[in-house]
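structure29.tsv (TSV, C-alpha atoms and all ligand atoms) appears below.
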chain	number	residue	atom	x	y	z
X	1	MET	CA	164.08	85.68	141.24
X	2	LYS	CA	165.48	86.25	144.68
X	3	VAL	CA	166.91	89.69	145.44
X	4	TYR	CA	169.16	89.71	148.50
X	5	THR	CA	169.91	92.96	150.26
X	6	GLU	CA	171.82	91.46	153.18
X	7	LYS	CA	175.09	89.62	152.83
X	8	GLN	CA	174.31	87.14	155.58
X	9	GLN	CA	171.31	85.89	153.64
X	10	ILE	CA	173.08	85.51	150.32
X	11	VAL	CA	176.04	83.84	152.05
X	12	THR	CA	173.62	81.26	153.52
X	13	ALA	CA	172.11	80.60	150.08
X	14	ILE	CA	175.58	80.30	148.52
X	15	ASP	CA	176.78	77.90	151.23
X	16	ALA	CA	173.87	75.62	150.35
X	17	PHE	CA	174.88	75.59	146.64
X	18	LYS	CA	178.51	74.97	147.52
X	19	ALA	CA	177.51	72.05	149.74
X	20	LYS	CA	175.92	70.52	146.62
X	21	LYS	CA	179.19	71.18	144.71
X	22	GLN	CA	177.49	73.67	142.42
X	23	THR	CA	179.69	76.17	140.60
X	24	LEU	CA	179.15	79.86	141.07
X	25	GLY	CA	179.68	82.79	138.70
X	26	LEU	CA	179.72	86.45	139.72
X	27	VAL	CA	178.86	89.40	137.49
X	28	PRO	CA	179.60	92.57	139.45
X	29	THR	CA	177.64	95.60	138.19
X	30	MET	CA	176.49	99.01	139.28
X	31	GLY	CA	173.04	98.36	137.79
X	32	ALA	CA	171.25	100.26	135.00
X	33	LEU	CA	171.79	97.03	133.11
X	34	HIS	CA	172.12	97.03	129.34
X	35	LYS	CA	172.77	94.39	126.66
X	36	GLY	CA	176.49	94.43	127.48
X	37	HIS	CA	175.76	93.36	131.07
X	38	LEU	CA	173.29	90.76	129.84
X	39	ALA	CA	175.98	89.29	127.55
X	40	LEU	CA	178.19	88.85	130.64
X	41	VAL	CA	175.35	87.20	132.56
X	42	LYS	CA	174.57	84.88	129.62
X	43	LYS	CA	178.19	83.81	129.47
X	44	ALA	CA	178.20	83.25	133.23
X	45	LEU	CA	175.02	81.16	132.97
X	46	GLU	CA	176.64	78.96	130.32
X	47	ASN	CA	179.63	78.18	132.54
X	48	ASN	CA	178.19	77.97	136.07
X	49	ASP	CA	175.32	76.31	137.93
X	50	LYS	CA	174.34	79.55	139.64
X	51	VAL	CA	175.15	83.19	138.89
X	52	VAL	CA	175.18	86.08	141.35
X	53	VAL	CA	174.64	89.51	139.79
X	54	SER	CA	175.65	92.21	142.23
X	55	ILE	CA	174.00	95.59	141.76
X	56	PHE	CA	175.72	98.22	143.83
X	57	VAL	CA	176.66	101.80	142.99
X	58	ASN	CA	179.93	101.89	144.85
X	59	PRO	CA	180.54	105.37	146.34
X	60	THR	CA	184.27	104.91	146.95
X	61	GLN	CA	185.12	104.60	143.26
X	62	PHE	CA	183.54	107.95	142.27
X	63	ASP	CA	185.99	110.83	142.17
X	64	ASN	CA	183.15	113.10	141.06
X	65	LYS	CA	180.26	113.56	143.55
X	66	GLU	CA	177.86	114.72	140.86
X	67	ASP	CA	178.50	111.61	138.77
X	68	LEU	CA	177.69	109.48	141.85
X	69	VAL	CA	174.44	111.36	142.51
X	70	LYS	CA	173.36	111.21	138.86
X	71	TYR	CA	174.35	107.59	138.29
X	72	PRO	CA	171.16	105.80	137.10
X	73	ARG	CA	169.54	103.51	139.68
X	74	THR	CA	166.93	101.19	138.15
X	75	LEU	CA	166.75	98.09	140.34
X	76	GLU	CA	163.22	97.02	139.37
X	77	THR	CA	163.94	97.22	135.61
X	78	ASP	CA	167.29	95.47	136.17
X	79	VAL	CA	165.61	92.57	137.95
X	80	ASN	CA	162.97	92.30	135.19
X	81	LEU	CA	165.72	92.17	132.56
X	82	LEU	CA	167.61	89.47	134.44
X	83	GLU	CA	164.41	87.44	134.76
X	84	THR	CA	164.25	87.26	130.97
X	85	LEU	CA	167.50	85.25	131.14
X	86	SER	CA	166.71	82.96	134.07
X	87	LYS	CA	164.61	83.14	137.22
X	88	GLU	CA	166.00	79.98	138.67
X	89	HIS	CA	169.74	80.29	138.18
X	90	ILE	CA	170.34	83.97	138.94
X	91	LEU	CA	170.56	85.52	142.40
X	92	VAL	CA	170.72	89.29	142.74
X	93	TYR	CA	172.76	90.88	145.50
X	94	ALA	CA	171.66	94.52	145.81
X	95	PRO	CA	172.96	95.70	149.18
X	96	ALA	CA	172.82	99.10	150.85
X	97	VAL	CA	176.14	100.87	151.46
X	98	GLU	CA	176.02	99.86	155.14
X	99	ASP	CA	175.76	96.13	154.33
X	100	VAL	CA	178.96	96.25	152.30
X	101	TYR	CA	181.02	98.81	154.21
X	102	GLU	CA	179.76	98.21	157.78
X	103	GLY	CA	180.11	101.82	158.90
X	104	ASN	CA	183.58	102.25	157.39
X	105	MET	CA	183.06	103.56	153.89
X	106	VAL	CA	186.68	104.09	152.94
X	107	SER	CA	188.91	102.59	150.27
X	108	GLU	CA	191.81	100.32	150.95
X	109	THR	CA	195.05	101.50	149.32
X	110	PHE	CA	196.36	99.10	146.70
X	111	ASP	CA	199.59	98.60	144.83
X	112	PHE	CA	198.69	97.34	141.36
X	113	ASP	CA	202.29	97.48	140.12
X	114	GLY	CA	201.76	100.84	138.47
X	115	LEU	CA	198.68	99.91	136.41
X	116	GLU	CA	196.70	102.26	138.65
X	117	PHE	CA	198.74	105.32	137.66
X	118	GLU	CA	197.99	105.17	133.93
X	119	MET	CA	195.05	106.68	132.04
X	120	GLU	CA	191.90	106.47	134.19
X	121	GLY	CA	194.11	106.49	137.27
X	122	LYS	CA	195.53	109.88	136.27
X	123	PHE	CA	192.17	111.44	135.61
X	124	ARG	CA	190.10	109.78	138.35
X	125	ILE	CA	192.12	110.00	141.52
X	126	GLY	CA	191.33	107.18	143.96
X	127	HIS	CA	189.07	105.43	141.44
X	128	PHE	CA	190.97	102.14	141.33
X	129	ASP	CA	191.38	101.96	145.11
X	130	GLY	CA	187.59	102.17	145.24
X	131	VAL	CA	187.17	99.50	142.56
X	132	GLY	CA	189.74	97.23	144.24
X	133	THR	CA	188.02	97.68	147.60
X	134	ILE	CA	184.54	96.77	146.40
X	135	VAL	CA	185.60	93.91	144.13
X	136	LYS	CA	187.74	92.38	146.89
X	137	ARG	CA	184.80	92.65	149.29
X	138	LEU	CA	182.45	91.07	146.75
X	139	PHE	CA	184.90	88.21	146.14
X	140	ASN	CA	185.09	87.70	149.90
X	141	ILE	CA	181.33	87.61	150.35
X	142	ILE	CA	180.34	85.61	147.26
X	143	LYS	CA	183.47	83.44	146.81
X	144	PRO	CA	182.75	82.83	143.12
X	145	ASP	CA	184.53	80.24	140.98
X	146	ASN	CA	184.39	82.58	137.98
X	147	ALA	CA	183.92	86.34	137.73
X	148	TYR	CA	183.02	88.20	134.53
X	149	PHE	CA	184.26	91.65	133.49
X	150	GLY	CA	183.87	93.58	130.24
X	151	GLU	CA	186.81	94.74	128.16
X	152	LYS	CA	185.24	98.17	127.81
X	153	ASP	CA	186.89	98.89	131.15
X	154	PHE	CA	190.11	97.26	129.98
X	155	GLN	CA	192.26	98.97	132.62
X	156	GLN	CA	189.83	97.89	135.34
X	157	LEU	CA	190.04	94.33	134.03
X	158	ALA	CA	193.86	94.41	134.16
X	159	ILE	CA	193.71	95.79	137.70
X	160	ILE	CA	191.28	93.11	138.86
X	161	LYS	CA	193.56	90.39	137.44
X	162	LYS	CA	196.40	92.02	139.39
X	163	LEU	CA	194.25	92.19	142.56
X	164	VAL	CA	193.52	88.48	142.32
X	165	GLU	CA	197.19	87.62	141.67
X	166	LYS	CA	198.61	89.78	144.45
X	167	HIS	CA	196.03	88.83	147.09
X	168	TYR	CA	195.96	85.12	146.17
X	169	ILE	CA	192.20	85.20	145.58
X	170	GLN	CA	190.83	81.90	144.29
X	171	VAL	CA	188.73	83.04	141.36
X	172	ASN	CA	188.97	82.72	137.60
X	173	ILE	CA	188.62	86.11	135.88
X	174	VAL	CA	186.76	85.87	132.57
X	175	PRO	CA	187.20	88.84	130.19
X	176	CYS	CA	184.28	89.56	127.86
X	177	PRO	CA	184.37	91.57	124.59
X	178	ILE	CA	183.01	95.10	124.34
X	179	TYR	CA	179.32	95.16	123.46
X	180	ARG	CA	178.37	97.97	121.07
X	181	GLU	CA	175.19	99.69	119.98
X	182	THR	CA	174.49	99.43	116.22
X	183	SER	CA	176.05	102.88	115.87
X	184	GLY	CA	179.31	101.47	117.24
X	185	LEU	CA	179.05	103.35	120.54
X	186	ALA	CA	180.30	101.13	123.36
X	187	MET	CA	177.42	100.21	125.66
X	188	SER	CA	177.49	101.97	129.00
X	189	SER	CA	174.93	102.72	131.70
X	190	ARG	CA	175.89	106.37	131.25
X	191	ASN	CA	174.65	106.34	127.60
X	192	THR	CA	171.07	106.63	128.90
X	193	ARG	CA	171.93	110.14	130.11
X	194	LEU	CA	173.14	111.38	126.70
X	195	LYS	CA	170.98	114.10	125.17
X	196	PRO	CA	169.96	113.29	121.53
X	197	ALA	CA	172.58	115.51	119.83
X	198	TYR	CA	175.36	113.97	121.94
X	199	LYS	CA	174.06	110.46	121.35
X	200	GLU	CA	174.20	111.17	117.63
X	201	ALA	CA	177.74	112.53	117.87
X	202	ALA	CA	179.18	109.86	120.18
X	203	PRO	CA	179.71	107.07	117.56
X	204	VAL	CA	182.59	109.21	116.24
X	205	ILE	CA	184.58	107.83	119.19
X	206	TYR	CA	184.59	104.27	117.87
X	207	LYS	CA	184.97	105.41	114.25
X	208	THR	CA	188.09	107.32	115.29
X	209	LEU	CA	189.44	104.27	117.12
X	210	LYS	CA	188.95	102.12	114.03
X	211	THR	CA	190.79	104.63	111.84
X	212	ALA	CA	193.54	104.92	114.47
X	213	LYS	CA	193.94	101.14	114.28
X	214	ARG	CA	194.31	101.29	110.51
X	215	LEU	CA	196.82	104.14	110.70
X	216	PHE	CA	198.83	102.36	113.40
X	217	GLY	CA	199.70	99.70	110.81
X	218	THR	CA	202.00	102.14	109.01
X	219	LYS	CA	202.45	105.21	111.23
X	220	SER	CA	204.08	105.87	114.59
X	221	ALA	CA	202.05	106.02	117.81
X	222	ASN	CA	202.84	109.71	118.05
X	223	THR	CA	201.54	110.46	114.54
X	224	VAL	CA	198.35	108.49	115.20
X	225	SER	CA	197.82	110.29	118.53
X	226	LYS	CA	198.27	113.71	116.90
X	227	TRP	CA	195.78	112.74	114.20
X	228	VAL	CA	193.19	111.70	116.80
X	229	GLU	CA	193.68	114.91	118.81
X	230	LYS	CA	193.09	116.91	115.64
X	231	GLN	CA	189.77	115.15	114.99
X	232	PHE	CA	188.45	116.38	118.33
X	233	ASP	CA	190.07	119.86	118.29
X	234	SER	CA	187.31	121.24	116.16
X	235	HIS	CA	184.46	119.08	117.41
X	236	ASP	CA	181.46	121.09	118.63
X	237	LEU	CA	180.06	118.54	121.07
X	238	LEU	CA	182.78	116.07	122.07
X	239	LYS	CA	185.79	117.04	124.16
X	240	LEU	CA	188.77	114.70	124.15
X	241	GLU	CA	190.22	114.04	127.60
X	242	TYR	CA	192.89	111.60	126.47
X	243	PHE	CA	193.87	109.31	123.64
X	244	ILE	CA	196.70	106.95	124.47
X	245	ILE	CA	198.37	104.08	122.69
X	246	ALA	CA	199.70	101.73	125.31
X	247	ASP	CA	201.34	98.36	125.79
X	248	ALA	CA	198.37	96.02	126.33
X	249	THR	CA	200.05	94.37	129.35
X	250	THR	CA	201.78	97.17	131.26
X	251	LEU	CA	199.37	99.87	130.01
X	252	LYS	CA	202.36	102.19	129.69
X	253	THR	CA	202.21	104.69	126.84
X	254	VAL	CA	204.14	103.41	123.85
X	255	GLN	CA	207.22	105.40	122.86
X	256	ARG	CA	208.45	103.18	120.07
X	257	LYS	CA	206.67	100.21	118.50
X	258	ILE	CA	208.28	96.83	119.11
X	259	LYS	CA	207.28	94.05	116.73
X	260	LYS	CA	206.12	91.26	119.03
X	261	LYS	CA	204.35	93.47	121.57
X	262	LYS	CA	200.57	93.88	121.77
X	263	TYR	CA	199.23	97.42	121.74
X	264	ARG	CA	195.88	98.95	122.49
X	265	ALA	CA	194.41	102.41	122.03
X	266	PHE	CA	192.42	104.00	124.86
X	267	ILE	CA	190.19	107.03	124.71
X	268	ALA	CA	188.14	109.16	127.12
X	269	VAL	CA	185.77	111.80	125.79
X	270	TYR	CA	183.32	114.20	127.40
X	271	ALA	CA	179.90	114.42	125.74
X	272	ASP	CA	178.46	117.36	127.67
X	273	ASP	CA	179.06	116.36	131.31
X	274	ILE	CA	179.06	112.64	130.53
X	275	ARG	CA	182.37	110.89	130.36
X	276	LEU	CA	182.64	108.07	127.80
X	277	ILE	CA	185.54	105.64	127.50
X	278	ASP	CA	186.40	103.09	124.85
X	279	ASN	CA	189.39	101.09	123.62
X	280	ILE	CA	190.52	98.88	120.76
X	281	ALA	CA	193.21	96.24	120.17
X	282	LEU	CA	195.67	97.60	117.59
X	283	ASN	CA	197.53	94.45	116.57
X	301	LIG	O1	182.53	98.12	136.13
X	301	LIG	C1	181.71	98.38	137.04
X	301	LIG	O2	180.50	98.45	136.85
X	301	LIG	C2	182.25	98.63	138.44
X	301	LIG	O3	183.48	99.29	138.40
X	301	LIG	C3	182.33	97.36	139.30
X	301	LIG	C4	183.32	96.36	138.73
X	301	LIG	C5	180.95	96.71	139.38
X	301	LIG	C6	182.78	97.71	140.70
X	301	LIG	O4	181.90	98.59	141.32
Any chance you could put this one into structure tokens?
Ligand code: PAF
Amino acid sequence: MKVYTEKQQIVTAIDAFKAKKQTLGLVPTMGALHKGHLALVKKALENNDKVVVSIFVNPTQFDNKEDLVKYPRTLETDVNLLETLSKEHILVYAPAVEDVYEGNMVSETFDFDGLEFEMEGKFRIGHFDGVGTIVKRLFNIIKPDNAYFGEKDFQQLAIIKKLVEKHYIQVNIVPCPIYRETSGLAMSSRNTRLKPAYKEAAPVIYKTLKTAKRLFGTKSANTVSKWVEKQFDSHDLLKLEYFIIADATTLKTVQRKIKKKKYRAFIAVYADDIRLIDNIALN
């Protein structure tokens, strides 16, 4: 499998595929690949002639320096994993910061119609400007027909759809369902850093979401939110950062349920110093 570290080289390879009218999928990642990423790549392989997997820990989207430093970097293992899916149809783009940012490692400022001010945007200042910046750059370099994003980062997915709409980017965004460990814990590269006791405790997050979904059938959003907060109040290992029930389109916190609207619950929890997020469709 070819691993490209320089954009000029991957652009040349891509131009050759495009000249042959081959379709191109992009799976943007920050590496430390797990089964969730592989599910995205598999889907991309089904729908495209060639798939680019980008592996780049993007500094501008980290509001927390320590998280950036500790973020797992496992390029060799990642490439081995991808080779189990296809050696011929996957290209890896694993650039250095300089190749992507060309000496100007700053975020663009975006207007995502307010999506950026909810939930993650409140707790991770500048995060979505960083995500928007890197994803826009990747779209510019790779020019994919289809790009694949997981629903675990549901707000990110909504923001990327908005990015594409507002900047008239010619790419089809394909959402992919959350991939879970057998315990129910949503797969995340950060899970590898969980100490055993925290790993054992973390499935409570999804269990709580499932109960919240059941309760939401008969109770108000406020009652459900209070119930969830109470579950974590007395928890020894997990610290709730937020639990929010929001309109699935605007991502605004729901005040009063309206019949035809779609709602989703979002949660962020600290397990030691590791921040875990998850979400669930409520109706
Ligand atoms: O979801 C991620 O892994 C990252 O936010 C992304 C989309 C690869 C951008 O760096």
Set the cut-off to 10 Å, count only C-alpha atoms and all ligand atoms, and list whatever residues fall near ligand LIG 301 (chain X) as JSON, numbers by chain.
{"X": [27, 28, 29, 30, 31, 32, 33, 37, 53, 54, 55, 56, 57, 58, 59, 60, 61, 62, 127, 128, 130, 131, 132, 133, 134, 135, 136, 138, 148, 149, 150, 151, 152, 153, 154, 156, 157, 160, 188, 189]}
Considering all atoms listed in the file, return as a ChimeraX atom specification whatever protein or nucleic-acid residues lie within 12 Å of Leu26 in chain X, sequence-local ones (same chain, fewer than 6 positions apart) excluded.
/X:14,37,40-45,47-55,89-93,135,138-149,171-174
Which of X:Ala19, X:Ala39, X:Leu240, X:Ala96 sits closest to Glu6 in chain X [using only C-alpha atoms]:
X:Ala96
What is the distance, in Å and to one decimal place, between CA of Ala158 in chain X and CA of Ile244 in chain X?
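That distance, rounded to one decimal, is 16.1 Å.
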Restricting to all atoms listed in the file, whichever of X:Tyr101, X:Phe112, X:Tyr4, X:Tyr263 is closest to Gly217 in chain X is X:Tyr263
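A straight line drawn from CA of Arg73 in chain X to CA of Val164 in chain X is 28.4 Å long.
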Could you jot down the CA of Phe266 in chain X to CA of Ile245 in chain X separation for me, Å, one decimal place?
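Separating CA of Phe266 in chain X from CA of Ile245 in chain X is a distance of 6.3 Å.
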Distance criterion (all atoms listed in the file): nearest to Phe232 in chain X out of X:Glu200, X:Ile267, X:Asp273, X:Arg256
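Smallest separation from Phe232 in chain X among the options: X:Ile267.
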